[in-house]
file run-v2.txt (compact mmCIF, C-alpha atoms and all ligand atoms)
# COMPACT_ATOMS: atom_id res chain seq x y z
CA MET A 1 112.23 200.29 -11.46
CA ALA A 2 115.07 201.95 -13.45
CA GLU A 3 118.50 200.40 -13.09
CA GLY A 4 121.04 203.24 -12.93
CA ASN A 5 124.75 203.61 -13.55
CA ALA A 6 126.89 205.79 -11.30
CA LEU A 7 130.35 206.41 -10.00
CA VAL A 8 129.80 207.52 -6.42
CA SER A 9 133.06 209.31 -5.73
CA ASN A 10 134.89 211.34 -3.09
CA ILE A 11 133.25 209.46 -0.22
CA GLY A 12 135.09 210.59 2.91
CA GLN A 13 133.85 207.64 4.96
CA LEU A 14 132.03 204.65 3.46
CA VAL A 15 130.08 202.21 5.66
CA THR A 16 130.10 198.90 3.74
CA ASN A 17 128.90 196.40 6.40
CA ASP A 18 131.22 194.01 4.56
CA PRO A 19 132.23 191.26 7.03
CA ALA A 20 135.47 190.79 5.06
CA ARG A 21 136.57 194.29 6.14
CA ASP A 22 137.54 195.63 9.57
CA GLY A 23 135.02 196.30 12.33
CA LEU A 24 131.29 195.77 12.35
CA LEU A 25 130.74 198.48 9.72
CA GLY A 26 133.69 197.67 7.41
CA VAL A 27 134.48 201.38 7.01
CA ILE A 28 136.65 202.55 4.08
CA THR A 29 137.98 206.11 3.97
CA ASP A 30 138.36 208.06 0.72
CA ALA A 31 136.27 205.54 -1.16
CA THR A 32 134.53 205.20 -4.49
CA VAL A 33 131.68 202.86 -5.44
CA ALA A 34 130.84 201.92 -9.03
CA VAL A 35 127.22 200.98 -9.84
CA SER A 36 126.20 199.41 -13.13
CA ASP A 37 122.62 198.41 -14.01
CA GLY A 38 121.51 199.26 -10.48
CA HIS A 39 124.04 197.00 -8.75
CA VAL A 40 127.39 197.61 -7.09
CA VAL A 41 130.20 196.36 -9.29
CA TRP A 42 133.25 197.77 -7.49
CA VAL A 43 134.07 199.22 -4.04
CA GLY A 44 137.43 200.50 -2.89
CA SER A 45 139.87 203.34 -2.36
CA GLN A 46 139.58 206.10 -4.89
CA GLU A 47 143.14 205.59 -6.17
CA ASP A 48 142.55 201.89 -7.01
CA LEU A 49 139.50 202.48 -9.27
CA PRO A 50 139.86 200.27 -12.38
CA GLY A 51 139.79 202.22 -15.66
CA GLU A 52 136.74 200.35 -16.92
CA TRP A 53 134.52 202.13 -14.36
CA ALA A 54 136.07 205.59 -14.61
CA PHE A 55 133.56 206.86 -17.19
CA LEU A 56 130.33 206.13 -15.35
CA PRO A 57 128.25 209.28 -14.61
CA GLU A 58 129.78 210.75 -11.45
CA ILE A 59 127.98 211.58 -8.20
CA ASP A 60 130.58 213.57 -6.25
CA CYS A 61 130.07 213.22 -2.49
CA ARG A 62 132.58 215.99 -1.70
CA GLY A 63 134.05 214.17 1.30
CA ALA A 64 130.75 213.24 2.97
CA ALA A 65 130.00 209.91 4.65
CA VAL A 66 127.91 207.34 2.77
CA VAL A 67 125.94 204.48 4.34
CA PRO A 68 123.79 201.74 2.75
CA GLY A 69 120.22 202.91 2.13
CA PHE A 70 118.16 202.27 5.27
CA VAL A 71 115.88 199.23 5.32
CA ASP A 72 112.81 200.02 7.45
CA ALA A 73 111.48 196.53 8.20
CA HIS A 74 108.34 197.40 10.20
CA THR A 75 105.82 200.11 9.33
CA HIS A 76 102.05 200.61 9.34
CA LEU A 77 102.15 203.70 7.21
CA ALA A 78 99.05 203.09 5.10
CA PHE A 79 96.30 204.63 7.24
CA ALA A 80 93.85 207.53 7.27
CA GLY A 81 93.33 210.11 10.02
CA ASP A 82 95.58 210.78 12.96
CA ARG A 83 95.44 210.21 16.72
CA ALA A 84 96.97 213.37 18.15
CA ASP A 85 94.03 213.50 20.59
CA GLU A 86 95.00 210.10 22.05
CA PHE A 87 98.63 211.15 22.24
CA GLY A 88 97.50 214.12 24.31
CA ARG A 89 95.36 211.88 26.55
CA ARG A 90 98.32 209.59 27.16
CA LEU A 91 100.50 212.53 28.10
CA ARG A 92 97.80 213.50 30.59
CA GLY A 93 97.91 210.05 32.19
CA GLU A 94 95.63 207.57 30.38
CA SER A 95 97.22 204.32 29.26
CA TYR A 96 97.33 202.86 25.74
CA GLU A 97 95.37 199.83 26.96
CA GLU A 98 92.67 202.02 28.59
CA ILE A 99 92.23 204.03 25.42
CA MET A 100 92.09 200.82 23.35
CA ALA A 101 89.49 199.26 25.71
CA ALA A 102 87.35 202.41 25.38
CA GLY A 103 87.14 201.96 21.60
CA GLY A 104 90.08 204.17 20.67
CA GLY A 105 93.48 202.96 19.58
CA ILE A 106 93.73 200.80 16.50
CA GLN A 107 89.93 200.74 16.17
CA SER A 108 89.70 204.51 15.68
CA THR A 109 92.22 204.36 12.81
CA VAL A 110 90.24 201.44 11.38
CA SER A 111 87.09 203.62 11.26
CA ALA A 112 88.96 206.44 9.48
CA THR A 113 90.62 204.01 7.07
CA ARG A 114 87.40 202.21 6.17
CA ALA A 115 85.90 205.61 5.28
CA ALA A 116 88.82 206.53 2.99
CA SER A 117 88.76 205.73 -0.75
CA ALA A 118 91.70 204.13 -2.53
CA SER A 119 92.75 207.50 -3.92
CA ASP A 120 92.39 209.19 -0.47
CA LEU A 121 94.64 206.51 1.01
CA LEU A 122 97.24 206.88 -1.69
CA ALA A 123 97.15 210.67 -1.34
CA VAL A 124 97.95 210.55 2.38
CA THR A 125 100.47 207.71 2.16
CA ILE A 126 102.67 209.06 -0.66
CA PRO A 127 103.91 212.12 1.28
CA ARG A 128 104.86 209.89 4.24
CA VAL A 129 106.90 207.62 2.00
CA LYS A 130 108.53 210.60 0.29
CA ARG A 131 109.66 211.97 3.66
CA MET A 132 111.10 208.56 4.56
CA MET A 133 112.92 208.39 1.25
CA ARG A 134 114.41 211.85 1.67
CA ALA A 135 115.77 210.66 5.02
CA GLY A 136 117.56 207.73 3.38
CA THR A 137 115.12 204.80 3.44
CA THR A 138 115.43 202.83 0.18
CA THR A 139 113.42 199.71 1.16
CA VAL A 140 110.31 199.73 3.35
CA GLU A 141 108.01 197.05 4.68
CA ILE A 142 104.37 198.20 4.91
CA LYS A 143 101.64 196.31 6.74
CA SER A 144 97.92 196.31 6.09
CA GLY A 145 95.92 196.01 9.32
CA TYR A 146 93.75 199.12 9.58
CA GLY A 147 90.96 197.53 7.55
CA LEU A 148 90.04 194.37 9.47
CA ASN A 149 87.61 193.33 6.74
CA ALA A 150 88.30 191.87 3.32
CA GLU A 151 87.33 194.97 1.39
CA THR A 152 89.50 197.41 3.32
CA GLU A 153 92.46 195.06 3.82
CA LEU A 154 92.48 194.59 0.02
CA ARG A 155 92.29 198.36 -0.49
CA LEU A 156 95.27 198.81 1.82
CA LEU A 157 97.28 196.15 0.02
CA GLY A 158 96.37 197.91 -3.25
CA THR A 159 97.69 201.19 -1.81
CA ILE A 160 100.89 199.46 -0.76
CA ALA A 161 101.35 198.02 -4.28
CA ALA A 162 100.66 201.45 -5.80
CA ILE A 163 103.42 202.97 -3.64
CA ASP A 164 105.83 200.37 -4.99
CA ASP A 165 104.77 201.20 -8.56
CA THR A 166 104.80 204.98 -8.12
CA LEU A 167 107.90 205.82 -6.12
CA PRO A 168 111.56 204.82 -6.47
CA ILE A 169 111.58 202.70 -3.33
CA ASP A 170 111.22 198.93 -2.88
CA VAL A 171 108.14 198.02 -0.86
CA VAL A 172 107.60 194.71 0.96
CA PRO A 173 103.87 194.12 1.67
CA THR A 174 102.70 192.35 4.84
CA PHE A 175 99.15 191.15 5.59
CA LEU A 176 98.23 192.11 9.18
CA GLY A 177 94.54 191.23 9.18
CA ALA A 178 95.07 190.07 12.78
CA HIS A 179 95.92 193.53 14.11
CA THR A 180 93.08 193.65 16.63
CA VAL A 181 89.69 191.98 17.11
CA PRO A 182 87.00 194.11 15.41
CA PRO A 183 83.57 194.65 17.03
CA GLY A 184 81.14 191.78 16.40
CA PHE A 185 83.73 189.01 16.79
CA ASP A 186 85.62 187.26 19.52
CA GLY A 187 89.27 186.42 18.89
CA ASP A 188 88.70 182.82 17.75
CA ALA A 189 85.79 183.71 15.49
CA TYR A 190 87.77 186.54 13.90
CA ILE A 191 90.78 184.29 13.23
CA ASP A 192 88.34 181.78 11.63
CA HIS A 193 86.96 184.56 9.45
CA LEU A 194 90.45 185.74 8.47
CA VAL A 195 91.68 182.27 7.64
CA THR A 196 88.65 181.21 5.60
CA GLU A 197 87.48 184.47 3.98
CA VAL A 198 90.12 187.19 4.04
CA LEU A 199 93.50 185.48 3.75
CA PRO A 200 92.72 183.73 0.44
CA LEU A 201 91.84 187.11 -1.11
CA CYS A 202 94.76 189.02 0.41
CA SER A 203 97.62 186.53 0.23
CA PRO A 204 98.39 187.11 -3.49
CA HIS A 205 99.18 190.73 -2.61
CA ALA A 206 101.51 190.13 0.36
CA ALA A 207 104.89 188.56 1.09
CA PHE A 208 104.44 188.08 4.85
CA CYS A 209 101.71 187.44 7.41
CA ASP A 210 101.91 189.24 10.78
CA VAL A 211 99.83 189.00 13.99
CA PHE A 212 99.62 191.30 17.01
CA CYS A 213 100.18 188.55 19.59
CA ASP A 214 99.85 190.17 22.99
CA GLU A 215 97.86 190.54 26.17
CA GLY A 216 94.36 191.76 25.31
CA VAL A 217 94.85 191.18 21.58
CA PHE A 218 95.56 187.71 20.05
CA THR A 219 96.68 184.70 22.08
CA VAL A 220 99.62 182.50 21.17
CA ASP A 221 97.24 179.79 19.90
CA GLN A 222 95.32 182.24 17.74
CA ALA A 223 98.55 183.72 16.37
CA ARG A 224 99.93 180.24 15.60
CA ARG A 225 96.79 179.35 13.69
CA MET A 226 96.92 182.55 11.64
CA LEU A 227 100.62 182.29 10.82
CA LEU A 228 100.39 178.62 9.82
CA ALA A 229 97.45 179.43 7.56
CA GLY A 230 99.48 182.31 6.10
CA ARG A 231 102.29 179.90 5.41
CA GLU A 232 99.93 177.57 3.56
CA HIS A 233 99.12 180.55 1.33
CA GLY A 234 102.82 181.21 0.71
CA LEU A 235 103.34 184.01 3.25
CA GLY A 236 106.39 184.12 5.51
CA ALA A 237 105.72 184.55 9.24
CA ARG A 238 106.63 187.60 11.34
CA LEU A 239 104.92 188.86 14.48
CA HIS A 240 104.36 191.61 16.98
CA ALA A 241 105.63 189.88 20.10
CA ASN A 242 105.99 190.78 23.77
CA GLN A 243 105.19 194.47 23.24
CA LEU A 244 102.67 194.97 26.06
CA ALA A 245 103.48 191.96 28.26
CA ALA A 246 105.45 188.71 28.43
CA SER A 247 102.77 187.10 26.32
CA GLY A 248 104.65 184.22 24.68
CA GLY A 249 105.02 185.75 21.22
CA ALA A 250 108.82 185.50 21.13
CA GLN A 251 108.67 181.78 21.92
CA LEU A 252 106.04 181.32 19.22
CA ALA A 253 108.26 183.17 16.71
CA ALA A 254 111.10 180.78 17.55
CA GLU A 255 108.84 177.71 17.42
CA LEU A 256 107.63 178.67 13.94
CA GLY A 257 111.06 179.80 12.73
CA ALA A 258 109.49 183.18 11.95
CA ILE A 259 111.73 185.54 10.01
CA SER A 260 111.30 188.22 12.68
CA ALA A 261 109.84 188.92 16.11
CA ASP A 262 109.16 192.61 16.59
CA HIS A 263 108.94 194.97 19.61
CA LEU A 264 110.20 192.50 22.31
CA ASP A 265 109.92 194.94 25.20
CA HIS A 266 109.05 192.17 27.66
CA ILE A 267 111.48 189.30 27.06
CA ASP A 268 113.66 187.19 29.31
CA ASP A 269 116.94 185.37 28.75
CA THR A 270 115.14 182.19 27.63
CA ASP A 271 113.38 184.16 24.89
CA MET A 272 116.72 185.52 23.68
CA VAL A 273 118.24 182.04 23.45
CA ALA A 274 115.17 180.77 21.59
CA LEU A 275 115.36 183.63 19.06
CA ARG A 276 119.07 183.08 18.49
CA GLU A 277 118.64 179.33 18.00
CA ALA A 278 115.75 179.83 15.59
CA GLY A 279 117.65 182.48 13.59
CA THR A 280 114.71 184.86 14.09
CA VAL A 281 115.64 188.54 13.70
CA ALA A 282 114.69 190.83 16.61
CA VAL A 283 113.18 194.01 15.14
CA LEU A 284 113.40 196.75 17.76
CA LEU A 285 111.29 199.89 17.56
CA PRO A 286 112.75 202.63 19.77
CA GLY A 287 110.27 205.21 18.45
CA VAL A 288 107.48 203.35 20.27
CA SER A 289 109.17 203.44 23.67
CA PHE A 290 110.04 207.11 23.08
CA SER A 291 106.48 208.07 22.08
CA MET A 292 104.90 205.95 24.82
CA GLN A 293 107.35 207.07 27.54
CA LEU A 294 108.33 203.46 28.22
CA PRO A 295 111.71 201.84 28.85
CA GLN A 296 113.61 200.84 25.72
CA ALA A 297 114.00 197.16 24.75
CA ARG A 298 117.17 195.29 25.80
CA GLY A 299 119.01 195.89 22.56
CA ASN A 300 122.57 195.35 23.78
CA GLU A 301 121.63 192.14 25.57
CA LEU A 302 120.07 190.80 22.37
CA TRP A 303 123.23 191.72 20.48
CA ASP A 304 125.43 190.14 23.17
CA ALA A 305 123.30 186.97 23.10
CA GLY A 306 124.03 186.61 19.37
CA VAL A 307 120.55 187.52 18.12
CA THR A 308 120.43 189.44 14.81
CA VAL A 309 118.97 192.86 15.62
CA ALA A 310 117.16 195.23 13.24
CA LEU A 311 115.84 198.73 13.92
CA ALA A 312 112.68 200.10 12.34
CA THR A 313 110.33 203.08 12.69
CA ASP A 314 107.04 201.20 13.31
CA CYS A 315 105.56 204.32 11.68
CA ASN A 316 101.89 204.30 12.77
CA PRO A 317 99.40 206.87 14.07
CA GLY A 318 99.13 205.38 17.57
CA THR A 319 102.42 204.40 19.10
CA SER A 320 105.14 205.83 16.85
CA ASN A 321 104.26 208.59 14.45
CA ILE A 322 107.88 208.63 13.33
CA GLU A 323 109.00 208.33 9.73
CA THR A 324 112.75 208.60 9.56
CA MET A 325 115.47 206.07 10.25
CA PRO A 326 118.11 208.64 11.32
CA PHE A 327 115.81 209.65 14.19
CA VAL A 328 115.40 205.97 15.12
CA ILE A 329 119.19 205.53 15.06
CA ALA A 330 119.54 208.52 17.37
CA LEU A 331 116.98 207.02 19.80
CA ALA A 332 118.69 203.61 19.63
CA CYS A 333 121.98 205.21 20.60
CA VAL A 334 120.91 207.81 23.13
CA GLU A 335 117.96 206.04 24.79
CA MET A 336 118.57 202.32 24.16
CA GLY A 337 122.33 202.60 24.61
CA LEU A 338 123.43 200.87 21.40
CA SER A 339 126.82 201.88 20.07
CA PRO A 340 126.56 203.94 16.88
CA GLU A 341 128.08 200.99 15.02
CA ARG A 342 125.40 198.55 16.24
CA ALA A 343 122.66 201.08 15.53
CA VAL A 344 123.80 201.84 11.97
CA TRP A 345 124.28 198.12 11.17
CA SER A 346 120.83 197.27 12.57
CA ALA A 347 119.16 200.03 10.54
CA THR A 348 120.73 198.77 7.30
CA ARG A 349 121.91 195.14 7.17
CA GLY A 350 119.73 194.10 10.12
CA GLY A 351 116.62 195.46 8.39
CA ALA A 352 117.52 193.65 5.16
CA LEU A 353 117.89 190.33 7.00
CA ALA A 354 114.58 190.90 8.79
CA LEU A 355 112.94 190.99 5.35
CA GLY A 356 114.98 188.13 3.90
CA LEU A 357 116.62 190.50 1.38
CA GLU A 358 120.20 189.32 0.98
CA ASP A 359 121.05 191.83 -1.75
CA ARG A 360 120.96 195.03 0.31
CA GLY A 361 121.89 196.68 3.58
CA HIS A 362 125.55 196.38 2.65
CA ILE A 363 127.80 197.84 -0.03
CA LEU A 364 129.77 195.18 -1.85
CA PRO A 365 129.79 193.78 -5.38
CA GLY A 366 126.40 192.31 -6.26
CA ALA A 367 124.43 194.44 -3.79
CA LEU A 368 121.80 196.93 -4.91
CA GLY A 369 123.19 200.43 -5.49
CA ASP A 370 121.17 201.95 -2.63
CA PHE A 371 122.93 204.63 -0.58
CA ALA A 372 122.32 207.54 1.74
CA VAL A 373 124.83 210.36 1.28
CA LEU A 374 125.07 212.21 4.58
CA ALA A 375 125.35 215.94 5.07
CA HIS A 376 128.27 215.15 7.38
CA PRO A 377 131.72 213.54 7.34
CA SER A 378 130.82 210.62 9.62
CA TYR A 379 128.05 208.13 10.40
CA LEU A 380 128.30 209.31 14.02
CA HIS A 381 126.43 212.42 12.96
CA LEU A 382 123.27 210.33 12.43
CA ALA A 383 122.90 210.24 16.22
CA TYR A 384 124.92 213.35 17.03
CA ARG A 385 122.77 215.74 14.93
CA PRO A 386 119.28 214.28 15.36
CA ASP A 387 117.25 217.43 14.86
CA ALA A 388 118.54 218.50 11.44
CA PRO A 389 118.09 216.28 8.37
CA PRO A 390 121.40 214.38 8.33
CA VAL A 391 120.89 212.84 4.88
CA GLU A 392 121.64 215.12 1.94
CA ARG A 393 121.08 212.90 -1.10
CA VAL A 394 119.67 209.42 -1.66
CA ILE A 395 120.69 207.01 -4.41
CA LYS A 396 118.29 204.16 -5.33
CA ARG A 397 119.58 201.44 -7.67
CA GLY A 398 122.26 203.81 -8.92
CA ASP A 399 119.94 206.77 -9.58
CA LEU A 400 119.82 209.96 -7.53
CA ILE A 401 116.33 210.38 -6.09
CA PRO A 402 115.01 213.83 -7.02
CA GLY A 403 114.85 216.05 -3.88
O1 LIG B 501 103.23 198.34 16.28
N1 LIG B 501 101.35 196.84 18.14
C1 LIG B 501 100.51 196.92 17.26
N2 LIG B 501 100.44 197.81 16.29
C2 LIG B 501 101.05 199.10 16.32
C3 LIG B 501 100.19 200.08 17.01
C4 LIG B 501 99.09 200.41 16.15
C5 LIG B 501 98.23 201.52 16.64
O2 LIG B 501 98.20 201.89 17.83
O3 LIG B 501 97.56 202.05 15.74
C6 LIG B 501 102.44 199.01 16.91
O4 LIG B 501 102.75 199.60 17.95
FE FE B 502 103.86 197.53 14.66
call {"tool": "encode", "arguments": {"input": "run-v2.txt", "output": "structure tokens", "more": "lines below"}}
Ligand code: NIG
Ligand code: FE
result
Amino acid sequence: MAEGNALVSNIGQLVTNDPARDGLLGVITDATVAVSDGHVVWVGSQEDLPGEWAFLPEIDCRGAAVVPGFVDAHTHLAFAGDRADEFGRRLRGESYEEIMAAGGGIQSTVSATRAASASDLLAVTIPRVKRMMRAGTTTVEIKSGYGLNAETELRLLGTIAAIDDTLPIDVVPTFLGAHTVPPGFDGDAYIDHLVTEVLPLCSPHAAFCDVFCDEGVFTVDQARRMLLAGREHGLGARLHANQLAASGGAQLAAELGAISADHLDHIDDTDMVALREAGTVAVLLPGVSFSMQLPQARGNELWDAGVTVALATDCNPGTSNIETMPFVIALACVEMGLSPERAVWSATRGGALALGLEDRGHILPGALGDFAVLAHPSYLHLAYRPDAPPVERVIKRGDLIPG
């Protein structure tokens, strides 16, 4: 990816997330940021800009607020088809679990995805990623998991790699072969099949291994087996935990020292302590609770317990057909009750930590030059103006992304 040079100037309010500055967000007013070869080389008040950076090509923010590019650490956005019909059924009273047990849910997206060619998949995925990028996402994690056989999981991982090659966004690929148990297997037999046949083919194309560990899906023992096998193939562990029930996933994440445990709608105080002690990031997905009409996860309690919290879209056709991080920030504030400062930090630095990416999610020397320039004077507008695109321009590694 190109490594740009830019002087991002006239920033009315800059969110740095620099712990050496005041407050959680380390806000600087009337700021300038210099980016050379794609990386931040200087951050400060406009009047202190050293002469050596004054001649970089200028991107004038005209007094707007700037935040680090969003890091969306949990998405399933490579899929074919849509499930508007199921969404309608849920609104008329059927439950997600009932629809899943009747052959709908993940399985119906698997059928559509298996029938899609590599070029079909790329053609439907690119516009989703472009919409995310326009809304300020500069790094995205994308899971496989709608293939559930070697051929289609590999095709999905190929699509994910093609997105990384085609668009100016950094993509982190995750292997989620254990998304649900496909017909013809029981859970143990399918994990056997994944570990012996599918993982060896898929692991070269992924950075992480994920499992949907929950009631009616994979048990803690099955998830442990999958994640340990993933580790033997060089994949870091992350998991869908405690989404549908108190199913032990959060404790497993802590036991394995997983980089993240995601969803966490059904956790208790013991789970929170275990996550904090393990240094596992809690990735919360407020778009799921919103779309499923369920209570939001206990975000403030996780924060207060000292757990690192990230926010992500969980973009998927079943439980959260939501692509943009500003909308997720708005939900985290208005529905989950996070302060705007916690929400913005979790959508930027929290997401970076959930992916093990130290060089982003903050704006300080050495970080990637990834920024969202807002259409507004303050980061508060991300939650305050949720229905109009709050991000005006996006800068990736020092280059303006074409609108
Ligand atoms: O994160 N929890 C598992 N996977 C997705 C749902 C996938 C689907 O319904 O297609 C999630 O919510
Ligand atoms: Fe998910």
call {"tool": "residues_near_ligand", "arguments": {"input": "run-v2.txt", "ligand": "ligand FE 502 (chain B)", "cutoff": "8 Å", "atoms": "all atoms listed in the file", "output": "VMD selection string"}}
result
chain A and resid 74 to 76 212 240 262 to 263 314 to 316
call {"tool": "residues_near_ligand", "arguments": {"input": "run-v2.txt", "ligand": "ligand LIG 501 (chain B)", "cutoff": "10 Å", "atoms": "all atoms listed in the file", "output": "PyMOL selection string"}}
result
chain A and resi 74-77+79+82-83+86+96-97+99-100+104-110+143+145-146+176+178-180+211-214+217+239-244+262-263+285+287-289+292+313-321
call {"tool": "closest_residue", "arguments": {"input": "run-v2.txt", "among": "A:Leu25, A:Met272, A:Leu368, A:Ala78", "to": "Ala116 (chain A)", "atoms": "all atoms listed in the file"}}
result
A:Ala78
call {"tool": "atom_distance", "arguments": {"input": "run-v2.txt", "atom1": "CA of Gly69 (chain A)", "atom2": "CA of Leu49 (chain A)"}}
result
22.4 Å
call {"tool": "atom_distance", "arguments": {"input": "run-v2.txt", "atom1": "CA of Glu392 (chain A)", "atom2": "CA of Ala375 (chain A)"}}
result
4.9 Å
call {"tool": "atom_distance", "arguments": {"input": "run-v2.txt", "atom1": "CA of Gly230 (chain A)", "atom2": "CA of Asp120 (chain A)"}}
result
28.6 Å
call {"tool": "residues_around", "arguments": {"input": "run-v2.txt", "residues": "region 194-196 of chain A", "least_positions_apart": "6", "cutoff": "10 Å", "atoms": "only C-alpha atoms", "output": "number ranges by chain"}}
result
A: 148-150, 177-178, 188, 202, 225-230, 233
call {"tool": "write_last_selection", "arguments": {"input": "run-v2.txt", "atoms": "C-alpha atoms", "output": "short mmCIF file (atom, residue, chain, number, x, y, z; two decimals), keeping the file's coordinate frame"}}
result
data_model
loop_
_atom_site.label_atom_id
_atom_site.label_comp_id
_atom_site.auth_asym_id
_atom_site.auth_seq_id
_atom_site.Cartn_x
_atom_site.Cartn_y
_atom_site.Cartn_z
CA LEU A 148 90.04 194.37 9.47
CA ASN A 149 87.61 193.33 6.74
CA ALA A 150 88.30 191.87 3.32
CA GLY A 177 94.54 191.23 9.18
CA ALA A 178 95.07 190.07 12.78
CA ASP A 188 88.70 182.82 17.75
CA CYS A 202 94.76 189.02 0.41
CA ARG A 225 96.79 179.35 13.69
CA MET A 226 96.92 182.55 11.64
CA LEU A 227 100.62 182.29 10.82
CA LEU A 228 100.39 178.62 9.82
CA ALA A 229 97.45 179.43 7.56
CA GLY A 230 99.48 182.31 6.10
CA HIS A 233 99.12 180.55 1.33
#
call {"tool": "closest_residue", "arguments": {"input": "run-v2.txt", "among": "A:Glu141, A:Glu151, A:Glu58, A:Asp210", "to": "Asp164 (chain A)", "atoms": "all atoms listed in the file"}}
result
A:Glu141
call {"tool": "residues_around", "arguments": {"input": "run-v2.txt", "residues": "Asn17 (chain A)", "least_positions_apart": "3", "cutoff": "7 Å", "atoms": "all atoms listed in the file", "output": "PDB file with C-alpha atoms, keeping the file's coordinate frame"}}
result
ATOM      1  CA  LEU A  24     131.290 195.770  12.350  1.00  0.00           C
ATOM      2  CA  LEU A  25     130.740 198.480   9.720  1.00  0.00           C
ATOM      3  CA  GLY A  26     133.690 197.670   7.410  1.00  0.00           C
ATOM      4  CA  TRP A 345     124.280 198.120  11.170  1.00  0.00           C
ATOM      5  CA  HIS A 362     125.550 196.380   2.650  1.00  0.00           C
ATOM      6  CA  ILE A 363     127.800 197.840  -0.030  1.00  0.00           C
TER       7      ILE A 363
END
call {"tool": "axis_aligned_box", "arguments": {"input": "run-v2.txt", "around": "region 33-40 of chain A", "padding_each_side": "5 Å", "output": "JSON"}}
result
{"center_x": 126.6, "center_y": 199.9, "center_z": -9.7, "size_x": 20.2, "size_y": 15.9, "size_z": 18.6}
call {"tool": "closest_residue", "arguments": {"input": "run-v2.txt", "among": "A:Gly351, A:Pro326, A:Pro182, A:Gly403", "to": "Ala135 (chain A)", "atoms": "all atoms listed in the file"}}
result
A:Pro326
call {"tool": "residues_around", "arguments": {"input": "run-v2.txt", "residues": "Ala6 (chain A)", "least_positions_apart": "4", "cutoff": "12 Å", "atoms": "only C-alpha atoms", "output": "ChimeraX atom specification"}}
result
/A:32-42,53-61,369-371,395-400
call {"tool": "build_atoms", "arguments": {"input": "run-v2.txt", "residues": "region 375-386 of chain A", "atoms": "N, CA and C atoms", "output": "CSV table (one decimal), keeping the file's coordinate frame"}}
result
chain,number,residue,atom,x,y,z
A,375,ALA,N,125.0,214.5,5.1
A,375,ALA,CA,125.4,215.9,5.1
A,375,ALA,C,126.6,216.2,5.9
A,376,HIS,N,127.2,215.1,6.4
A,376,HIS,CA,128.3,215.2,7.4
A,376,HIS,C,129.4,214.2,7.0
A,377,PRO,N,130.6,214.4,7.7
A,377,PRO,CA,131.7,213.5,7.3
A,377,PRO,C,131.7,212.2,8.0
A,378,SER,N,130.7,211.9,8.9
A,378,SER,CA,130.8,210.6,9.6
A,378,SER,C,129.4,210.1,9.9
A,379,TYR,N,129.3,208.7,10.0
A,379,TYR,CA,128.0,208.1,10.4
A,379,TYR,C,127.7,208.5,11.8
A,380,LEU,N,128.6,208.9,12.6
A,380,LEU,CA,128.3,209.3,14.0
A,380,LEU,C,127.3,210.5,14.0
A,381,HIS,N,127.3,211.3,13.0
A,381,HIS,CA,126.4,212.4,13.0
A,381,HIS,C,125.0,212.0,12.9
A,382,LEU,N,124.7,210.8,12.5
A,382,LEU,CA,123.3,210.3,12.4
A,382,LEU,C,122.6,210.4,13.8
A,383,ALA,N,123.4,210.1,14.9
A,383,ALA,CA,122.9,210.2,16.2
A,383,ALA,C,123.3,211.6,16.9
A,384,TYR,N,124.4,212.1,16.4
A,384,TYR,CA,124.9,213.4,17.0
A,384,TYR,C,124.1,214.6,16.6
A,385,ARG,N,123.5,214.6,15.4
A,385,ARG,CA,122.8,215.7,14.9
A,385,ARG,C,121.3,215.3,14.6
A,386,PRO,N,120.6,214.9,15.7
A,386,PRO,CA,119.3,214.3,15.4
A,386,PRO,C,118.2,215.3,14.9
